[in-house]
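**Student:** Dropping the structure in here first, questions after.
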Amino acid sequence: MSVLYSTGPVENVNGDGSLDPSFTLDKLFYTVVVNILNNSEKKKNKFDIEVFNIDGPKNKAERFKGSVEEEFGFSLEIEVSEFYRFEIQIELSRKDDVLLSVTGKNALGEIIRELPLTRIDH
């Protein structure tokens with residue numbers, strides 16, 4: 001049974017669409033890094049990563065599909081600098097023996113923060 005996780009809405013700007021004065025170049029999300037660690041000794045884990053632009057109507061901007069072999073990790077860096085508001089959804093084929101994280105980076109490549117993930121029943 002697959003499991004779906006979401007960052008929920010992530011803002012790169014103020015709610016009115018203007019750049020937040022406290023969001024200088026070093027604080028804006030330029031990329032996000034999705035990390036998947038498959039700790040299973042016997043089964044690979046398939047993934048489907050979708051990036052949505054949610055500034056206005058929700059539109060799928062990008063999609064990445066693949067799998068992570070047994071006892072192996074996978075990392076994907078996705079550019080989100082063009083989005084004022086975005087959401088990352090990650091669907092995994094299995095929920096057991098897997099670790100998952102999404103980290104935001106600025107244009108300098110510095111980690112800004114971890115983005116919390118919520119499991120969505122579907």
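To be explicit about the labels: the chains of the structure tokens are called A, B, and onward in the order shown, and within each one the residues are counted from 1, while ligands get numbers from 1 in the order they are shown.
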At a cut-off of 6 Å, using only C-alpha atoms, what residues contact Ile88 in chain A? Leave out same-chain residues fewer than 5 positions from it and give the result as a PyMOL selection string.
**Tutor:** chain A and resi 6-7+50-51
**Student:** Need the shell around Phe86 in chain A: protein/DNA/RNA residues with any atom at most 8 Å away, counting only C-alpha atoms. Skip same-chain ones fewer than 4 positions apart. Format as a ChimeraX atom specification?
**Tutor:** /A:9-11,51-55,80
**Student:** Please save N, CA, C and O atoms of the selected residues as a CSV table (one decimal), in the first residue's frame.
**Tutor:**
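Result written to selection_33.csv:
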chain,number,residue,atom,x,y,z
A,9,PRO,N,1.4,24.0,1.9
A,9,PRO,CA,1.9,25.2,1.2
A,9,PRO,C,3.1,25.8,1.9
A,9,PRO,O,3.2,25.9,3.1
A,10,VAL,N,4.1,26.1,1.0
A,10,VAL,CA,5.3,26.8,1.5
A,10,VAL,C,5.4,28.1,0.8
A,10,VAL,O,5.2,28.2,-0.5
A,11,GLU,N,5.6,29.2,1.5
A,11,GLU,CA,5.6,30.5,1.0
A,11,GLU,C,7.0,31.1,0.9
A,11,GLU,O,7.8,30.9,1.8
A,51,VAL,N,5.9,18.5,-7.8
A,51,VAL,CA,6.1,19.8,-7.4
A,51,VAL,C,4.9,20.6,-7.9
A,51,VAL,O,4.6,20.6,-9.1
A,52,PHE,N,4.2,21.4,-7.0
A,52,PHE,CA,3.1,22.2,-7.4
A,52,PHE,C,3.3,23.6,-7.2
A,52,PHE,O,3.9,24.0,-6.2
A,53,ASN,N,3.0,24.5,-8.2
A,53,ASN,CA,3.0,25.9,-8.1
A,53,ASN,C,1.6,26.2,-7.5
A,53,ASN,O,0.6,26.0,-8.2
A,54,ILE,N,1.5,26.8,-6.3
A,54,ILE,CA,0.2,27.1,-5.8
A,54,ILE,C,0.0,28.6,-5.6
A,54,ILE,O,-0.8,29.0,-4.7
A,55,ASP,N,0.6,29.4,-6.4
A,55,ASP,CA,0.3,30.8,-6.5
A,55,ASP,C,-0.8,31.0,-7.4
A,55,ASP,O,-0.7,31.1,-8.6
A,80,VAL,N,13.0,25.8,-7.0
A,80,VAL,CA,11.7,26.4,-6.7
A,80,VAL,C,11.8,27.9,-6.6
A,80,VAL,O,10.8,28.5,-6.2
**Student:** Report as a count of residues only all protein, DNA and RNA residues lying within 12 Å of Asp96 in chain A, evaluated on only C-alpha atoms, omitting residues in the same chain fewer than 4 positions from it.
**Tutor:** 14
**Student:** When distances are computed from only C-alpha atoms, which of A:Leu117, A:Ile49, A:Pro57, A:Asn35 shows the smallest separation from Phe72 in chain A?
**Tutor:**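 Ranking A:Leu117, A:Ile49, A:Pro57, A:Asn35 by distance to Phe72 in chain A, first place goes to A:Asn35.
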**Student:** Which residue is closest to Val33 in chain A? Choose from A:Thr118, A:Thr103, A:Ser67, A:Gln89 and count only C-alpha atoms.
**Tutor:**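 Using only C-alpha atoms, the shortest distance to Val33 in chain A belongs to A:Thr103.
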